[in-house]
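**Q** Just passing along the structure, written as structure tokens.
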2 protein chains.
Amino acid sequence: MEPKKVSRKLLTRLPIYLDYIKSLPDDTMNISATNMAHALGLGDVLVRKDLAKVSNAGRCKLGYARETLAQDIEDFLDINSLTGAIIVGAGKLGQALLDYGGFEASGMSILAGFDQKPTKKRSSAGKPIYSMEKLPDFCKENNIRIGIITVPATEAQKVCDCLICCGIEAIWNFAPIHLVVPEKIVLQSENLAVSLTALRLQLKRQQDQKAYIEI
Amino acid sequence: MEPKKVSRKLLTRLPIYLDYIKSLPDDTMNISATNMAHALGLGDVLVRKDLAKVSNAGRCKLGYARETLAQDIEDFLDINSLTGAIIVGAGKLGQALLDYGGFEASGMSILAGFDQKPTKKRSSAGKPIYSMEKLPDFCKENNIRIGIITVPATEAQKVCDCLICCGIEAIWNFAPIHLVVPEKIVLQSENLAVSLTALRLQLKRQQDQKAYIEI
């Protein structure tokens with residue numbers, strides 16, 4: 001496949017397509033974008049375009065070979081190379097993410113939490129919570145490349161620097177602060193206050209039609 | 001102001017601008033986009049465009065009257081009409097959001113949590129957690145228009161319908177499921193698994209340059 005630009009919305013739909021393909025009777029060999037669109041209540045053109053972005057196995061009139069399409073979606077999402085991540089900051093949000101069941105289906109496993117002062121040794125779901133001293137060894141031994149930051153804003157840059165020292169290459173940041181990272185590091189920030197402000201402004205827009213937000 | 005399309009990135013910067021304006025010495029009467037850009041380490045053109053989207057009080061050579069600019073940003077963010085919201089689902093994520101300190105600065109206050117079976121009466125920060133039976137009266141008495149859903153996916157649609165019955169007009173959904181709402185309801189979903197997948201794919205892209213994601 002050539003490199004393609006994909007949207008977050010497509011990423012939301014791909015697991016739905018995959019579930020649907022896997023749910024079909026065993027003797028289904030081919031599958032068309034049109035049938036899939038109807039079954040899922042989505043637009044025909046949308047599904048056709050989505051599938052073309054992740055697979056080039058579609059054949060005119062035949063549609064997609066079921067196995068190949070499933071494989072192409074899994075390859076695209078890199079599901080089969082289950083990646084391990086760690087969380088720094090084992091407060092409520094950190095523990096909520098640590099125990100969140102929805103990540104493994106998309107090829108991720110959060111292996112452990114770390115905290116300056118852990119208040120317990122395991123999360124409710126039994127994931128280990130370690131003190132920060134163990135971070136470098138754990139990352140090295142488990143080849144961890146993704147780190148999640150759920151510490152207060154004042155601690156976040158220090159933790160971020162520390163993660164990079166431990167070999168982390170991608171950071172998912174929940175602290176409401178702008179982090180500075182070297183260019184080679186992938187950084188994605190979730191600013192919850194901004195998300196809520198965007199929601200409020202959409203509500204306001206519905207009422208007074210003054211401003212509108214592109215989400 | 002005419003209606004303008006604003007991005008989430010602008011929404012992230014506006015509170016930073018506001019903080020900066022408020023931090024200036026009392027005798028500062030005017031402020032230019034250029035000075036602000038330098039002080040905050042942002043691009044000159046970027047700040048100029050951002051400010052033009054939220055205020056039309058900029059004057060050639062003079063810049064912005066400080067008070068007017070602060071007021072325009074606050075009006076744009078609707079900060080002074082502090083809005084109350086409620087959360088349904090008082091598990092770890094629900095409690096983390098209930099006690100998150102970052103919302104009030106952007107004009108939001110989460111007043112209470114609700115749960116089918118509350119395990120405690122108050123969150124760590126002292127916010128009340130009620131049983132679901134109290135939801136309709138609470139929403140009515142406090143004129144609640146924003147509801148946050150942090151229940152498991154299997155419960156989310158039922159909770160969503162219930163919130164709409166209680167007069168909620170905007171829903172912020174953290175359950176990993178597609179919710180069906182009437183057209184007049186504003187719905188914003190946070191799909192954490194998709195965010196993490198997007199991060200992984202960015203990391204993968206850095207390595208093999210095969211696919212790239214638009215975040």
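Ligands are numbered from 1 in the order shown, chains are lettered A, B, ... in the order of the structure tokens, and residues start at 1 in each chain.
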Quick one: DSSP strand (DSSP E or B) residues in stretch 73-105 of chain A, as an mmCIF file with N, CA, C and O atoms, in the first residue's frame?
**A**
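Result saved to states_22.cif:
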```cif
data_model
loop_
_atom_site.group_PDB
_atom_site.id
_atom_site.type_symbol
_atom_site.label_atom_id
_atom_site.label_comp_id
_atom_site.auth_asym_id
_atom_site.auth_seq_id
_atom_site.Cartn_x
_atom_site.Cartn_y
_atom_site.Cartn_z
ATOM 1 N N THR A 83 1.458 -4.115 21.673
ATOM 2 C CA THR A 83 2.488 -3.240 22.190
ATOM 3 C C THR A 83 2.224 -2.961 23.671
ATOM 4 O O THR A 83 1.092 -2.753 24.065
ATOM 5 N N GLY A 84 3.276 -2.941 24.449
ATOM 6 C CA GLY A 84 3.121 -2.650 25.869
ATOM 7 C C GLY A 84 3.379 -1.189 26.170
ATOM 8 O O GLY A 84 4.251 -0.564 25.573
ATOM 9 N N ALA A 85 2.581 -0.636 27.080
ATOM 10 C CA ALA A 85 2.777 0.746 27.500
ATOM 11 C C ALA A 85 2.800 0.784 29.023
ATOM 12 O O ALA A 85 2.418 -0.178 29.688
ATOM 13 N N ILE A 86 3.284 1.889 29.562
ATOM 14 C CA ILE A 86 3.222 2.088 31.015
ATOM 15 C C ILE A 86 2.598 3.466 31.290
ATOM 16 O O ILE A 86 2.563 4.330 30.419
ATOM 17 N N ILE A 87 2.091 3.611 32.524
ATOM 18 C CA ILE A 87 1.483 4.869 32.963
ATOM 19 C C ILE A 87 2.284 5.433 34.119
ATOM 20 O O ILE A 87 2.623 4.692 35.047
ATOM 21 N N VAL A 88 2.589 6.712 34.066
ATOM 22 C CA VAL A 88 3.186 7.350 35.239
ATOM 23 C C VAL A 88 2.151 8.282 35.860
ATOM 24 O O VAL A 88 1.616 9.175 35.186
#
```
**Q** Near stretch 42-52 of chain A, within 12 Å and counting only C-alpha atoms, which residues show up once chain neighbours fewer than 3 positions away are dropped, as a ChimeraX atom specification?
**A** /A:1-2,4-18,31-39,55-60,63-64,68-70,72-73,76
**Q** Write the residues of the selection above to a file with N, CA, C and O atoms, as a short mmCIF file (atom, residue, chain, number, x, y, z; two decimals), in the first residue's frame.
**A**
```cif
data_model
loop_
_atom_site.label_atom_id
_atom_site.label_comp_id
_atom_site.auth_asym_id
_atom_site.auth_seq_id
_atom_site.Cartn_x
_atom_site.Cartn_y
_atom_site.Cartn_z
N MET A 1 0.83 -1.20 0.00
CA MET A 1 0.00 0.00 0.00
C MET A 1 0.87 1.26 0.00
O MET A 1 1.85 1.35 0.71
N GLU A 2 0.44 2.24 -0.77
CA GLU A 2 1.08 3.55 -0.73
C GLU A 2 0.72 4.23 0.59
O GLU A 2 -0.32 3.94 1.18
N LYS A 4 -1.07 6.59 2.97
CA LYS A 4 -2.34 7.29 2.87
C LYS A 4 -2.56 8.08 4.15
O LYS A 4 -2.20 7.65 5.23
N LYS A 5 -3.21 9.21 3.99
CA LYS A 5 -3.56 10.02 5.15
C LYS A 5 -4.89 9.49 5.71
O LYS A 5 -5.84 9.35 4.95
N VAL A 6 -4.94 9.14 6.96
CA VAL A 6 -6.20 8.65 7.50
C VAL A 6 -6.66 9.51 8.66
O VAL A 6 -5.86 10.08 9.38
N SER A 7 -7.96 9.62 8.80
CA SER A 7 -8.51 10.48 9.86
C SER A 7 -8.79 9.65 11.11
O SER A 7 -8.87 8.43 11.06
N ARG A 8 -8.97 10.37 12.23
CA ARG A 8 -9.35 9.69 13.46
C ARG A 8 -10.68 8.98 13.29
O ARG A 8 -10.93 7.94 13.89
N LYS A 9 -11.58 9.59 12.50
CA LYS A 9 -12.90 8.97 12.31
C LYS A 9 -12.76 7.61 11.64
O LYS A 9 -13.47 6.68 11.98
N LEU A 10 -11.83 7.51 10.68
CA LEU A 10 -11.60 6.21 10.05
C LEU A 10 -11.10 5.21 11.09
O LEU A 10 -11.55 4.07 11.13
N LEU A 11 -10.20 5.66 11.94
CA LEU A 11 -9.68 4.78 12.99
C LEU A 11 -10.79 4.28 13.91
O LEU A 11 -10.71 3.19 14.47
N THR A 12 -11.83 5.10 14.08
CA THR A 12 -12.97 4.67 14.91
C THR A 12 -13.76 3.59 14.19
O THR A 12 -14.32 2.70 14.83
N ARG A 13 -13.84 3.71 12.86
CA ARG A 13 -14.68 2.76 12.11
C ARG A 13 -13.98 1.43 11.84
O ARG A 13 -14.64 0.39 11.77
N LEU A 14 -12.65 1.43 11.70
CA LEU A 14 -11.96 0.19 11.33
C LEU A 14 -12.24 -0.98 12.29
O LEU A 14 -12.53 -2.08 11.83
N PRO A 15 -12.19 -0.77 13.62
CA PRO A 15 -12.51 -1.90 14.50
C PRO A 15 -13.95 -2.39 14.32
O PRO A 15 -14.22 -3.57 14.48
N ILE A 16 -14.87 -1.47 13.96
CA ILE A 16 -16.27 -1.87 13.72
C ILE A 16 -16.34 -2.78 12.48
O ILE A 16 -17.01 -3.80 12.49
N TYR A 17 -15.62 -2.40 11.42
CA TYR A 17 -15.58 -3.24 10.22
C TYR A 17 -15.02 -4.62 10.55
O TYR A 17 -15.54 -5.64 10.13
N LEU A 18 -13.94 -4.60 11.34
CA LEU A 18 -13.27 -5.86 11.68
C LEU A 18 -14.20 -6.79 12.46
O LEU A 18 -14.31 -7.98 12.16
N ILE A 31 -16.98 -10.33 0.49
CA ILE A 31 -17.78 -9.33 1.18
C ILE A 31 -17.69 -8.03 0.38
O ILE A 31 -16.61 -7.63 -0.05
N SER A 32 -18.84 -7.37 0.17
CA SER A 32 -18.81 -6.13 -0.60
C SER A 32 -18.99 -4.93 0.32
O SER A 32 -19.62 -5.04 1.38
N ALA A 33 -18.42 -3.81 -0.09
CA ALA A 33 -18.55 -2.58 0.69
C ALA A 33 -20.04 -2.22 0.85
O ALA A 33 -20.47 -1.78 1.92
N THR A 34 -20.82 -2.45 -0.20
CA THR A 34 -22.25 -2.11 -0.16
C THR A 34 -22.98 -2.92 0.92
O THR A 34 -23.71 -2.35 1.74
N ASN A 35 -22.76 -4.23 0.93
CA ASN A 35 -23.41 -5.06 1.95
C ASN A 35 -23.00 -4.66 3.35
O ASN A 35 -23.81 -4.58 4.26
N MET A 36 -21.71 -4.41 3.50
CA MET A 36 -21.20 -4.03 4.82
C MET A 36 -21.82 -2.70 5.25
O MET A 36 -22.23 -2.56 6.41
N ALA A 37 -21.90 -1.75 4.32
CA ALA A 37 -22.49 -0.44 4.63
C ALA A 37 -23.93 -0.61 5.09
O ALA A 37 -24.34 -0.05 6.12
N HIS A 38 -24.72 -1.43 4.37
CA HIS A 38 -26.12 -1.64 4.75
C HIS A 38 -26.23 -2.28 6.13
O HIS A 38 -27.00 -1.83 6.98
N ALA A 39 -25.41 -3.32 6.35
CA ALA A 39 -25.48 -4.04 7.62
C ALA A 39 -25.14 -3.13 8.80
O ALA A 39 -25.70 -3.26 9.89
N SER A 55 -6.89 -1.35 2.19
CA SER A 55 -6.68 -2.60 1.46
C SER A 55 -6.77 -2.35 -0.04
O SER A 55 -7.61 -1.56 -0.49
N ASN A 56 -5.92 -3.01 -0.80
CA ASN A 56 -6.08 -2.91 -2.25
C ASN A 56 -6.52 -4.24 -2.85
O ASN A 56 -6.28 -4.53 -4.02
N ALA A 57 -7.23 -5.02 -2.01
CA ALA A 57 -7.65 -6.36 -2.45
C ALA A 57 -9.07 -6.37 -3.02
O ALA A 57 -9.59 -7.44 -3.35
N GLY A 58 -9.71 -5.18 -3.13
CA GLY A 58 -11.08 -5.15 -3.66
C GLY A 58 -11.12 -5.47 -5.14
O GLY A 58 -10.28 -4.99 -5.91
N ARG A 59 -12.08 -6.34 -5.56
CA ARG A 59 -12.21 -6.69 -6.97
C ARG A 59 -13.60 -6.31 -7.44
O ARG A 59 -14.58 -6.53 -6.75
N CYS A 60 -13.66 -5.76 -8.65
CA CYS A 60 -14.91 -5.32 -9.25
C CYS A 60 -15.94 -6.47 -9.23
O CYS A 60 -15.60 -7.60 -9.57
N GLY A 63 -16.09 -7.86 -4.86
CA GLY A 63 -15.85 -7.26 -3.55
C GLY A 63 -14.50 -7.71 -3.00
O GLY A 63 -13.54 -7.91 -3.76
N TYR A 64 -14.42 -7.86 -1.68
CA TYR A 64 -13.17 -8.23 -1.04
C TYR A 64 -13.19 -9.70 -0.62
O TYR A 64 -14.23 -10.19 -0.16
N THR A 68 -8.58 -11.78 3.44
CA THR A 68 -7.59 -10.77 3.08
C THR A 68 -7.95 -9.41 3.66
O THR A 68 -7.09 -8.70 4.19
N LEU A 69 -9.24 -9.07 3.58
CA LEU A 69 -9.66 -7.77 4.11
C LEU A 69 -9.44 -7.69 5.62
O LEU A 69 -8.89 -6.71 6.13
N ALA A 70 -9.81 -8.77 6.31
CA ALA A 70 -9.60 -8.79 7.77
C ALA A 70 -8.11 -8.62 8.08
O ALA A 70 -7.72 -7.82 8.95
N ASP A 72 -5.80 -7.25 6.16
CA ASP A 72 -5.34 -5.90 5.81
C ASP A 72 -5.70 -4.89 6.89
O ASP A 72 -4.90 -4.00 7.22
N ILE A 73 -6.92 -5.00 7.43
CA ILE A 73 -7.32 -4.07 8.50
C ILE A 73 -6.45 -4.30 9.74
O ILE A 73 -5.96 -3.35 10.36
N PHE A 76 -3.08 -2.90 9.12
CA PHE A 76 -3.10 -1.44 9.16
C PHE A 76 -3.10 -0.95 10.60
O PHE A 76 -2.38 -0.02 10.96
#
```
**Q** Per residue of stretch 66-98 of chain B within 10 Å of stretch 95-104 of chain A, which atom pair is closest and at what distance in Å (one decimal), using only C-alpha atoms, listed by chain and increasing number, as a Markdown table?
**A**
```
| residue | atom | partner | partner_atom | distance |
| --- | --- | --- | --- | --- |
| B:Gly91 | CA | A:Ala96 | CA | 8.1 |
| B:Lys92 | CA | A:Ala96 | CA | 5.1 |
| B:Leu93 | CA | A:Ala96 | CA | 5.2 |
| B:Gly94 | CA | A:Ala96 | CA | 8.8 |
| B:Gln95 | CA | A:Ala96 | CA | 9.4 |
| B:Ala96 | CA | A:Ala96 | CA | 8.1 |
```
**Q** Just list the residues in stretch 47-198 of chain B DSSP gives alpha helix (DSSP H) on the backbone, as a PyMOL selection string.
**A** chain B and resi 47-54+66-77+92-98+135-141+153-165+192-198
**Q** Nearest to chain A among B:Tyr130, B:Phe174, B:Met108, B:Gln157, with distances taken over only C-alpha atoms: which residue is it?
**A** B:Met108
**Q** What's around A:Asp161 at 12 Å? Count only C-alpha atoms, leave out sequence neighbours fewer than 3 positions away in its own chain, and write the answer as an mmCIF file with C-alpha atoms, in the first residue's frame.
**A**
```
data_model
loop_
_atom_site.group_PDB
_atom_site.id
_atom_site.type_symbol
_atom_site.label_atom_id
_atom_site.label_comp_id
_atom_site.auth_asym_id
_atom_site.auth_seq_id
_atom_site.Cartn_x
_atom_site.Cartn_y
_atom_site.Cartn_z
ATOM 1 C CA GLY A 147 4.396 6.116 28.069
ATOM 2 C CA ILE A 149 1.421 10.704 31.724
ATOM 3 C CA GLU A 155 5.228 17.286 37.554
ATOM 4 C CA ALA A 156 4.527 16.486 33.915
ATOM 5 C CA GLN A 157 7.631 17.910 32.189
ATOM 6 C CA LYS A 158 9.939 16.215 34.683
ATOM 7 C CA ILE A 164 12.512 9.854 27.277
ATOM 8 C CA CYS A 165 15.641 8.919 29.252
ATOM 9 C CA CYS A 166 14.093 5.468 29.724
ATOM 10 C CA GLY A 167 13.830 4.993 25.955
ATOM 11 C CA ILE A 168 10.136 5.895 25.529
ATOM 12 C CA GLU A 169 9.426 7.019 21.956
ATOM 13 C CA ALA A 170 5.747 8.007 22.144
ATOM 14 C CA ILE A 171 3.998 9.941 24.919
ATOM 15 C CA LEU A 179 5.235 19.516 27.040
ATOM 16 C CA VAL A 180 8.534 20.120 25.262
ATOM 17 C CA VAL A 181 9.965 17.011 23.577
ATOM 18 C CA PRO A 182 12.731 16.333 21.027
ATOM 19 C CA ILE A 185 9.461 11.785 20.059
#
```
**Q** Between B:Val151, B:Met132, B:Leu24, B:Leu163, which residue has the minimum interatomic distance to chain A, considering only C-alpha atoms?
**A**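 The answer is B:Val151, which sits nearest to chain A.
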**Q** Expressed in Å to a single decimal, how great is the separation between atom CA of A:Leu199 and atom CA of B:Trp172?
**A** 7.4 Å
**Q** So which one's closest to A:Ile144, A:Val194, A:Ala90, A:Met29, A:Leu111? Using only C-alpha atoms, please.
**A** A:Leu111
**Q** Contacts of A:Lys120 at 7 Å or less, counting only C-alpha atoms, minus same-chain residues fewer than 2 places along, as a compact mmCIF listing (two decimals) with C-alpha atoms, in the first residue's frame?
**A**
```txt
# COMPACT_ATOMS: atom_id res chain seq x y z
CA PRO A 118 2.24 4.41 45.34
CA ARG A 122 -1.88 -3.36 42.50
CA ILE A 129 1.86 -0.23 40.55
```
**Q** Just to confirm, what's the straight-line distance from atom CA of A:Ile148 to atom CA of A:Gly89 in Å (one decimal)?
**A** 8.5 Å
**Q** One number please: atom CA of B:Gln116 to atom CA of B:Ser131, in Å, one decimal.
**A**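 That distance, rounded to one decimal, is 5.6 Å.
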